[in-house]
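Structure, as structure tokens:
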Amino acid sequence: MYRFAPGDVEEDVMAIDRRMFLLGGAGVLLLAGCSTRPERTTVQEWPTDPPEGDVTISWWAGQVASKDGGDLRRRLIAEFQKEHPNIRVRIVSAPSDTDTNRTSLTTQIAAGSSTPDVYLGDVAWPGQFAKNKLATPVNELVGADFFDQFPEGLRQAASVDGTYYMFPLYIDESFFLYRKDLLAKHSLQVPGSWEEVRETAAKLVDTGDVSYGFAFQGDVYEGLTCNVTEFVADAGGSLLNDDLTRPETTSSETKRAFEFMRSLITDGASPRATLTYQEQDTNDAFSGGRAAFLRNWSYAWGIANGPDSQVAGKVGLAARPTFDGQDEHHSTIGGWGNYINPHTQQPAAALTFASWMSSETAQQFLTREGGVLPARSESLTSEDAKRQQRPTYDTAAGITLVPRPTSTAYYPKVSQGVYQNGNSILGGQASVDGGTSTMASAIALALKGEAL
């Protein structure tokens with residue numbers, strides 16, 4: 001196992017958080033007041049070659065899962081230092097909660113802190129961080145074709161108006177898990193369309209073998225926005241127009257998606273408890289043997305076949321189905337990538353490290369050793385990927401990734417408009433026509449607001 005070289009330090013970020021929150025507002029002012037607030041290095045002045053002397057940078061990052069359930073961060077750094085031994089990388093452990101992580105970073109960087117030099121952030125952050133100058137635009141630093149190695153949906157998510165702010169590290173996709181034993185028992189096929197899912201799920205509930213047919217995330221939170229994004233794409237639509245300036249939620253495609261999602265509950269294919277389900281709830285239902293079908297992220301495959309699962313060895317995995325008449329299988333794009341602090345005092349080293357994480361070398365290492373999906377398209381179909389014999393790798397390569405409208409700086413409020421009204425539609429408190437109209441109004445209002 002790789003260990004830090006002598007002198008390497010791993011700093012607990014929660015100690016930073018405790019100092020800030022114990023002091024309250026004064027803590028934030030203290031952080032800003034003690035900072036020398038270094039001048040930004042403009043992109044035009046940014047050195048693009050690796051540094052020559054010994055340099056230390058800090059990398060703010062949560063755990064990166066390895067295939068054995070461990071943490072891959074130190075091993076990634078060790079691989080990086082094989083090529084750049086003069087660049088020492090100090091890990092700053094980020095909060096595990098994404099919102100706390102984002103808030104902590106926002107506070108530090110907005111106050112002018114030069115650290116962390118590089119931070120691992122959610123694929124949903126570019127719009128907000130670009131608007132508030134919390135991330136460095138990197139197009140001009142690595143060449144126009146650098147990002148061509150990633151799938152289109154990820155490129156859209158990582159950029160704002162054609163400018164990239166994130167170097168992708170790993171992605172996540174949603175999949176369709178099914179009880180292959182129950183399908184075989186009742187001589188049923190794996191559903192290829194959503195209409196078949198609804199019919200087959202209801203049949204399996206009627207047999208008494210399961211309590212629920214299809215489990216998905218319908219609570220009032222971001223996970224519902226992910227589900228809605230996918231279903232709307234399945235129907236051939238999108239939540240916003242192409243330049244993210246206008247809602248499209250009153251379109252026939254969006255209404256078709258919501259009519260179907262609502263019918264899953266009214267027709268008995270999904271339980272009414274779906275209105276309160278988040279990821280863990282659906283995992284519990286499926287791995288506990290209570291549900292026949294599941295929509296969830298890639299990690300759900302490991303849980304369903306884990307030692308605590310009642311259905312281990314009885315599970316199949318496929319791309320999410322689509323509607324009759326459509327031929328593309330979609331997934332919301334999730335994942336994390338590396339951003340560069342615009343105040344960094346080590347721009348050359350920060351760029352070298354952040355861009356290396358998106359390189360073929362790093363992505364192939366992640367393919368072999370990671371417990372996540374590599375971001376690079378060719379890595380998913382490489383010989384390294386085939387040797388892993390993971391159904392998530394094989395299936396992910398054929399899925400069309402769909403970004404949420406995260407490139408708008410007002411995305412949090414946009415998403416709130418989607419999941420609040422979407423939950424009302426699913427629960428029957430609002431009609432499809434009325435709920436999508438209210439949703440459009442909420443999104444339109446959000447797009448006129450202030451970022452963060």
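Chain labels follow the order of the structure tokens: the first chain is A, the next B, and so on; residue numbering restarts at 1 in every chain, and ligands are counted from 1 in their shown order.
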Practice problem: List every residue of region 273-318 of chain A that DSSP, applied to the backbone of this structure, places in alpha helix (DSSP H), and write the result as an MDAnalysis selection string. | Solution: chainID A and resid 279:287 299:304
Write a file of the selected residues as an mmCIF file, in the first residue's frame, keeping N, CA, C and O atoms.
data_model
loop_
_atom_site.group_PDB
_atom_site.id
_atom_site.type_symbol
_atom_site.label_atom_id
_atom_site.label_comp_id
_atom_site.auth_asym_id
_atom_site.auth_seq_id
_atom_site.Cartn_x
_atom_site.Cartn_y
_atom_site.Cartn_z
ATOM 1 N N GLU A 279 -31.989 7.844 -2.541
ATOM 2 C CA GLU A 279 -31.191 6.706 -3.024
ATOM 3 C C GLU A 279 -31.147 5.549 -2.036
ATOM 4 O O GLU A 279 -31.324 4.384 -2.412
ATOM 5 N N GLN A 280 -30.886 5.845 -0.766
ATOM 6 C CA GLN A 280 -30.759 4.775 0.212
ATOM 7 C C GLN A 280 -32.063 4.004 0.382
ATOM 8 O O GLN A 280 -32.061 2.786 0.544
ATOM 9 N N ASP A 281 -33.179 4.713 0.332
ATOM 10 C CA ASP A 281 -34.474 4.048 0.464
ATOM 11 C C ASP A 281 -34.708 3.048 -0.665
ATOM 12 O O ASP A 281 -35.202 1.935 -0.445
ATOM 13 N N THR A 282 -34.349 3.449 -1.877
ATOM 14 C CA THR A 282 -34.558 2.538 -3.011
ATOM 15 C C THR A 282 -33.582 1.368 -2.962
ATOM 16 O O THR A 282 -33.930 0.244 -3.324
ATOM 17 N N ASN A 283 -32.350 1.620 -2.522
ATOM 18 C CA ASN A 283 -31.406 0.512 -2.351
ATOM 19 C C ASN A 283 -31.923 -0.493 -1.331
ATOM 20 O O ASN A 283 -31.829 -1.711 -1.529
ATOM 21 N N ASP A 284 -32.457 0.019 -0.223
ATOM 22 C CA ASP A 284 -32.979 -0.865 0.823
ATOM 23 C C ASP A 284 -34.137 -1.715 0.289
ATOM 24 O O ASP A 284 -34.226 -2.910 0.580
ATOM 25 N N ALA A 285 -35.012 -1.083 -0.492
ATOM 26 C CA ALA A 285 -36.159 -1.809 -1.026
ATOM 27 C C ALA A 285 -35.724 -2.904 -1.989
ATOM 28 O O ALA A 285 -36.238 -4.032 -1.948
ATOM 29 N N PHE A 286 -34.758 -2.585 -2.843
ATOM 30 C CA PHE A 286 -34.322 -3.570 -3.838
ATOM 31 C C PHE A 286 -33.450 -4.658 -3.207
ATOM 32 O O PHE A 286 -33.697 -5.863 -3.397
ATOM 33 N N SER A 287 -32.433 -4.272 -2.463
ATOM 34 C CA SER A 287 -31.538 -5.259 -1.867
ATOM 35 C C SER A 287 -32.227 -6.066 -0.767
ATOM 36 O O SER A 287 -31.792 -7.176 -0.450
ATOM 37 N N TYR A 299 -23.012 2.651 -8.005
ATOM 38 C CA TYR A 299 -22.646 1.964 -6.768
ATOM 39 C C TYR A 299 -23.719 0.993 -6.299
ATOM 40 O O TYR A 299 -23.445 0.081 -5.494
ATOM 41 N N ALA A 300 -24.947 1.142 -6.772
ATOM 42 C CA ALA A 300 -26.043 0.265 -6.348
ATOM 43 C C ALA A 300 -25.795 -1.187 -6.758
ATOM 44 O O ALA A 300 -26.289 -2.107 -6.107
ATOM 45 N N TRP A 301 -25.032 -1.389 -7.845
ATOM 46 C CA TRP A 301 -24.722 -2.750 -8.280
ATOM 47 C C TRP A 301 -23.942 -3.494 -7.195
ATOM 48 O O TRP A 301 -24.237 -4.654 -6.881
ATOM 49 N N GLY A 302 -22.966 -2.831 -6.611
ATOM 50 C CA GLY A 302 -22.190 -3.451 -5.553
ATOM 51 C C GLY A 302 -23.015 -3.730 -4.311
ATOM 52 O O GLY A 302 -22.856 -4.778 -3.664
ATOM 53 N N ILE A 303 -23.926 -2.824 -3.974
ATOM 54 C CA ILE A 303 -24.785 -3.017 -2.805
ATOM 55 C C ILE A 303 -25.730 -4.193 -3.032
ATOM 56 O O ILE A 303 -25.931 -5.039 -2.154
ATOM 57 N N ALA A 304 -26.318 -4.257 -4.231
ATOM 58 C CA ALA A 304 -27.271 -5.330 -4.533
ATOM 59 C C ALA A 304 -26.617 -6.706 -4.512
ATOM 60 O O ALA A 304 -27.291 -7.715 -4.272
#
Practice problem: Considering only C-alpha atoms, return as a PyMOL selection string whatever protein or nucleic-acid residues lie within 8 Å of Thr136 (chain A), sequence-local ones (same chain, fewer than 4 positions apart) excluded. | Solution: chain A and resi 43+130+165+339-342
Quiz item: Which of these, A:Gly112, A:Gly218, A:Gly434, A:Pro85, has the shortest distance to Asn296 (chain A) once you count only C-alpha atoms?
Solution: A:Gly218
Show which residues sit within 6 Å of region 311-325 of chain A, as a PDB file with N, CA, C and O atoms, in the first residue's frame. Count only C-alpha atoms, and ignore same-chain residues fewer than 4 positions away.
ATOM      1  N   PHE A 175     -28.416   3.412 -13.724  1.00  0.00           N
ATOM      2  CA  PHE A 175     -28.641   2.135 -14.392  1.00  0.00           C
ATOM      3  C   PHE A 175     -29.989   1.552 -13.966  1.00  0.00           C
ATOM      4  O   PHE A 175     -30.619   2.018 -13.016  1.00  0.00           O
ATOM      5  N   PHE A 176     -30.383   0.510 -14.688  1.00  0.00           N
ATOM      6  CA  PHE A 176     -31.624  -0.204 -14.420  1.00  0.00           C
ATOM      7  C   PHE A 176     -31.257  -1.587 -13.899  1.00  0.00           C
ATOM      8  O   PHE A 176     -30.678  -2.401 -14.622  1.00  0.00           O
ATOM      9  N   LEU A 177     -31.538  -1.842 -12.632  1.00  0.00           N
ATOM     10  CA  LEU A 177     -31.275  -3.148 -12.032  1.00  0.00           C
ATOM     11  C   LEU A 177     -32.569  -3.940 -11.979  1.00  0.00           C
ATOM     12  O   LEU A 177     -33.639  -3.380 -11.724  1.00  0.00           O
ATOM     13  N   TYR A 178     -32.460  -5.243 -12.198  1.00  0.00           N
ATOM     14  CA  TYR A 178     -33.675  -6.068 -12.252  1.00  0.00           C
ATOM     15  C   TYR A 178     -33.422  -7.430 -11.609  1.00  0.00           C
ATOM     16  O   TYR A 178     -32.301  -7.926 -11.578  1.00  0.00           O
ATOM     17  N   ARG A 179     -34.495  -8.024 -11.122  1.00  0.00           N
ATOM     18  CA  ARG A 179     -34.443  -9.352 -10.520  1.00  0.00           C
ATOM     19  C   ARG A 179     -34.541 -10.398 -11.632  1.00  0.00           C
ATOM     20  O   ARG A 179     -35.637 -10.768 -12.077  1.00  0.00           O
ATOM     21  N   LYS A 180     -33.401 -10.893 -12.064  1.00  0.00           N
ATOM     22  CA  LYS A 180     -33.407 -11.849 -13.165  1.00  0.00           C
ATOM     23  C   LYS A 180     -34.040 -13.181 -12.748  1.00  0.00           C
ATOM     24  O   LYS A 180     -34.618 -13.885 -13.594  1.00  0.00           O
ATOM     25  N   ASP A 181     -33.986 -13.494 -11.452  1.00  0.00           N
ATOM     26  CA  ASP A 181     -34.598 -14.746 -11.010  1.00  0.00           C
ATOM     27  C   ASP A 181     -36.117 -14.709 -11.120  1.00  0.00           C
ATOM     28  O   ASP A 181     -36.757 -15.689 -11.522  1.00  0.00           O
ATOM     29  N   GLY A 192     -37.672  -3.609 -22.237  1.00  0.00           N
ATOM     30  CA  GLY A 192     -36.870  -2.750 -23.100  1.00  0.00           C
ATOM     31  C   GLY A 192     -37.411  -1.351 -23.221  1.00  0.00           C
ATOM     32  O   GLY A 192     -36.734  -0.458 -23.716  1.00  0.00           O
ATOM     33  N   SER A 193     -38.653  -1.138 -22.768  1.00  0.00           N
ATOM     34  CA  SER A 193     -39.265   0.189 -22.820  1.00  0.00           C
ATOM     35  C   SER A 193     -39.890   0.490 -21.466  1.00  0.00           C
ATOM     36  O   SER A 193     -40.167  -0.420 -20.660  1.00  0.00           O
ATOM     37  N   TRP A 194     -40.163   1.763 -21.235  1.00  0.00           N
ATOM     38  CA  TRP A 194     -40.809   2.139 -19.974  1.00  0.00           C
ATOM     39  C   TRP A 194     -42.221   1.576 -19.888  1.00  0.00           C
ATOM     40  O   TRP A 194     -42.685   1.197 -18.806  1.00  0.00           O
ATOM     41  N   ASP A 234     -35.770  10.965 -22.312  1.00  0.00           N
ATOM     42  CA  ASP A 234     -36.333   9.766 -22.935  1.00  0.00           C
ATOM     43  C   ASP A 234     -37.486  10.111 -23.875  1.00  0.00           C
ATOM     44  O   ASP A 234     -37.681   9.471 -24.907  1.00  0.00           O
ATOM     45  N   SER A 287     -32.433  -4.272  -2.463  1.00  0.00           N
ATOM     46  CA  SER A 287     -31.538  -5.259  -1.867  1.00  0.00           C
ATOM     47  C   SER A 287     -32.227  -6.066  -0.767  1.00  0.00           C
ATOM     48  O   SER A 287     -31.792  -7.176  -0.450  1.00  0.00           O
ATOM     49  N   ALA A 304     -26.318  -4.257  -4.231  1.00  0.00           N
ATOM     50  CA  ALA A 304     -27.271  -5.330  -4.533  1.00  0.00           C
ATOM     51  C   ALA A 304     -26.617  -6.706  -4.512  1.00  0.00           C
ATOM     52  O   ALA A 304     -27.291  -7.715  -4.272  1.00  0.00           O
ATOM     53  N   ASN A 305     -25.308  -6.755  -4.750  1.00  0.00           N
ATOM     54  CA  ASN A 305     -24.596  -8.031  -4.748  1.00  0.00           C
ATOM     55  C   ASN A 305     -23.661  -8.174  -3.553  1.00  0.00           C
ATOM     56  O   ASN A 305     -22.792  -9.042  -3.530  1.00  0.00           O
ATOM     57  N   HIS A 329     -30.864   5.468 -24.928  1.00  0.00           N
ATOM     58  CA  HIS A 329     -30.977   5.227 -23.493  1.00  0.00           C
ATOM     59  C   HIS A 329     -30.177   6.301 -22.767  1.00  0.00           C
ATOM     60  O   HIS A 329     -28.998   6.506 -23.051  1.00  0.00           O
TER      61      HIS A 329
END
Practice problem: Please identify which residues in region 236-446 of chain A DSSP calls strand (DSSP E or B) from the backbone, and express them as a ChimeraX atom specification. | Solution: /A:240,247,291-297,315-318,322,330-332,334-340,370,373-374,400-402
Produce a file of the selected residues containing N, CA, C and O atoms, as a CSV table (one decimal), in the first residue's frame.
chain,number,residue,atom,x,y,z
A,240,LEU,N,-34.8,23.0,-20.1
A,240,LEU,CA,-34.6,24.3,-20.5
A,240,LEU,C,-34.2,24.3,-22.0
A,240,LEU,O,-33.9,23.3,-22.6
A,247,PRO,N,-37.5,28.1,-19.7
A,247,PRO,CA,-38.0,26.8,-19.4
A,247,PRO,C,-38.7,26.2,-20.5
A,247,PRO,O,-39.4,26.9,-21.3
A,291,ALA,N,-38.4,-5.0,-4.0
A,291,ALA,CA,-38.7,-4.4,-5.3
A,291,ALA,C,-38.1,-5.3,-6.4
A,291,ALA,O,-37.1,-5.9,-6.2
A,292,ALA,N,-38.8,-5.3,-7.5
A,292,ALA,CA,-38.4,-6.1,-8.7
A,292,ALA,C,-37.4,-5.3,-9.5
A,292,ALA,O,-36.5,-5.9,-10.1
A,293,PHE,N,-37.5,-4.0,-9.7
A,293,PHE,CA,-36.7,-3.1,-10.5
A,293,PHE,C,-36.2,-1.9,-9.7
A,293,PHE,O,-36.9,-1.4,-8.8
A,294,LEU,N,-35.1,-1.4,-10.1
A,294,LEU,CA,-34.5,-0.3,-9.5
A,294,LEU,C,-33.8,0.7,-10.4
A,294,LEU,O,-33.0,0.2,-11.3
A,295,ARG,N,-34.0,2.0,-10.3
A,295,ARG,CA,-33.1,3.0,-11.0
A,295,ARG,C,-32.2,3.6,-9.9
A,295,ARG,O,-32.7,4.1,-8.9
A,296,ASN,N,-30.9,3.4,-10.1
A,296,ASN,CA,-30.0,4.1,-9.2
A,296,ASN,C,-28.6,4.2,-9.8
A,296,ASN,O,-28.4,3.7,-11.0
A,297,TRP,N,-27.7,4.8,-9.1
A,297,TRP,CA,-26.3,5.1,-9.6
A,297,TRP,C,-25.5,3.8,-9.6
A,297,TRP,O,-25.9,2.8,-9.1
A,315,VAL,N,-29.4,-10.7,-9.6
A,315,VAL,CA,-29.6,-9.3,-10.1
A,315,VAL,C,-28.9,-9.2,-11.5
A,315,VAL,O,-27.8,-9.6,-11.7
A,316,GLY,N,-29.6,-8.5,-12.4
A,316,GLY,CA,-29.1,-8.1,-13.7
A,316,GLY,C,-29.0,-6.6,-13.8
A,316,GLY,O,-29.6,-5.9,-13.0
A,317,LEU,N,-28.2,-6.1,-14.7
A,317,LEU,CA,-28.0,-4.7,-14.9
A,317,LEU,C,-28.1,-4.3,-16.4
A,317,LEU,O,-27.6,-5.1,-17.2
A,318,ALA,N,-28.8,-3.2,-16.6
A,318,ALA,CA,-29.0,-2.8,-18.0
A,318,ALA,C,-29.0,-1.3,-18.0
A,318,ALA,O,-29.1,-0.6,-17.0
A,322,THR,N,-36.2,3.2,-22.4
A,322,THR,CA,-36.7,4.4,-23.0
A,322,THR,C,-38.2,4.2,-23.4
A,322,THR,O,-38.7,3.1,-23.2
A,330,HIS,N,-30.8,7.0,-21.8
A,330,HIS,CA,-30.2,8.2,-21.2
A,330,HIS,C,-29.9,8.0,-19.7
A,330,HIS,O,-30.5,7.1,-19.1
A,331,SER,N,-29.0,8.8,-19.3
A,331,SER,CA,-28.7,8.9,-17.9
A,331,SER,C,-28.3,10.3,-17.6
A,331,SER,O,-27.6,11.0,-18.4
A,332,THR,N,-28.7,10.8,-16.5
A,332,THR,CA,-28.2,12.1,-16.0
A,332,THR,C,-26.7,11.9,-15.7
A,332,THR,O,-26.3,10.9,-15.2
A,334,GLY,N,-23.5,12.5,-13.7
A,334,GLY,CA,-23.0,12.8,-12.4
A,334,GLY,C,-21.5,12.7,-12.4
A,334,GLY,O,-20.9,12.3,-13.4
A,335,GLY,N,-20.9,13.0,-11.3
A,335,GLY,CA,-19.4,12.8,-11.2
A,335,GLY,C,-18.7,14.0,-10.6
A,335,GLY,O,-19.3,15.0,-10.2
A,336,TRP,N,-17.4,13.9,-10.6
A,336,TRP,CA,-16.5,14.9,-10.0
A,336,TRP,C,-15.3,15.2,-10.9
A,336,TRP,O,-14.9,14.3,-11.6
A,337,GLY,N,-14.8,16.4,-10.8
A,337,GLY,CA,-13.6,16.8,-11.5
A,337,GLY,C,-12.8,17.8,-10.7
A,337,GLY,O,-13.2,18.3,-9.7
A,338,ASN,N,-11.7,18.2,-11.2
A,338,ASN,CA,-10.7,19.1,-10.6
A,338,ASN,C,-10.8,20.5,-11.1
A,338,ASN,O,-10.8,20.7,-12.3
A,339,TYR,N,-11.0,21.4,-10.2
A,339,TYR,CA,-11.0,22.8,-10.5
A,339,TYR,C,-9.7,23.5,-9.9
A,339,TYR,O,-9.2,23.0,-8.9
A,340,ILE,N,-9.3,24.6,-10.5
A,340,ILE,CA,-8.1,25.3,-10.1
A,340,ILE,C,-8.5,26.6,-9.4
A,340,ILE,O,-9.3,27.4,-10.0
A,370,GLY,N,-10.0,1.8,-9.8
A,370,GLY,CA,-11.1,2.6,-9.2
A,370,GLY,C,-12.4,1.8,-9.0
A,370,GLY,O,-12.7,0.9,-9.7
A,373,LEU,N,-16.6,5.1,-12.3
A,373,LEU,CA,-16.5,5.1,-13.8
A,373,LEU,C,-15.5,6.1,-14.2
A,373,LEU,O,-15.6,7.3,-13.9
A,374,PRO,N,-14.5,5.8,-15.0
A,374,PRO,CA,-13.6,6.8,-15.6
A,374,PRO,C,-14.3,7.8,-16.5
A,374,PRO,O,-15.3,7.4,-17.1
A,400,THR,N,-26.4,7.5,-23.4
A,400,THR,CA,-26.2,8.9,-23.7
A,400,THR,C,-26.4,9.7,-22.5
A,400,THR,O,-27.4,9.6,-21.8
A,401,LEU,N,-25.3,10.5,-22.1
A,401,LEU,CA,-25.3,11.3,-20.9
A,401,LEU,C,-26.0,12.6,-21.1
A,401,LEU,O,-25.8,13.3,-22.1
A,402,VAL,N,-26.9,12.9,-20.2
A,402,VAL,CA,-27.7,14.2,-20.3
A,402,VAL,C,-27.3,15.1,-19.1
A,402,VAL,O,-27.5,14.6,-17.9
Quiz prompt | Nearest candidate to Glu248 (chain A) (options A:Leu275, A:Val232, A:Ala409, A:Ala397; using only C-alpha atoms) | solution =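 For Glu248 (chain A), the nearest of the candidates is A:Val232.
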Exercise. Using only C-alpha atoms, determine which residues lie at most 12 Å from Gly153 (chain A), disregarding the query and same-chain residues fewer than 2 positions distant; provide the list as a PyMOL selection string.
Key: chain A and resi 123+147-151+155-159+168+171-173+330-335+375-377+399-407
Exercise. May I ask which of the residues A:Ala348, A:Ala362, A:Ala124, A:Val220 is the closest one to Arg73 (chain A), counting only C-alpha atoms?
Key: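 Nearest to Arg73 (chain A): A:Ala362.
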Practice problem: Could you tell me how far CA of Asn139 (chain A) lies from CA of Ser104 (chain A), in Å and to one decimal? | Solution: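 That distance, rounded to one decimal, is 26.0 Å.
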Quiz item: Using only C-alpha atoms, which of the listed residues (A:Ala396, A:Gly62, A:Phe129, A:Gly53) sits closest to Thr100 (chain A)?
Solution: A:Gly62
Practice problem: Please indicate the distance in Å from CA of Ala354 (chain A) to CA of Val118 (chain A), rounded to one decimal place. | Solution: 6.8 Å
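Shortest atom-to-atom contact with Pro126 (chain A) among A:Thr408, A:Pro391, A:Ala385, A:Lys255: A:Thr408, counting only C-alpha atoms.
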Quiz item: Could you work out how far CA of Ala269 (chain A) lies from CA of Ala202 (chain A), giving the answer in Å with one decimal?
Solution: 4.6 Å
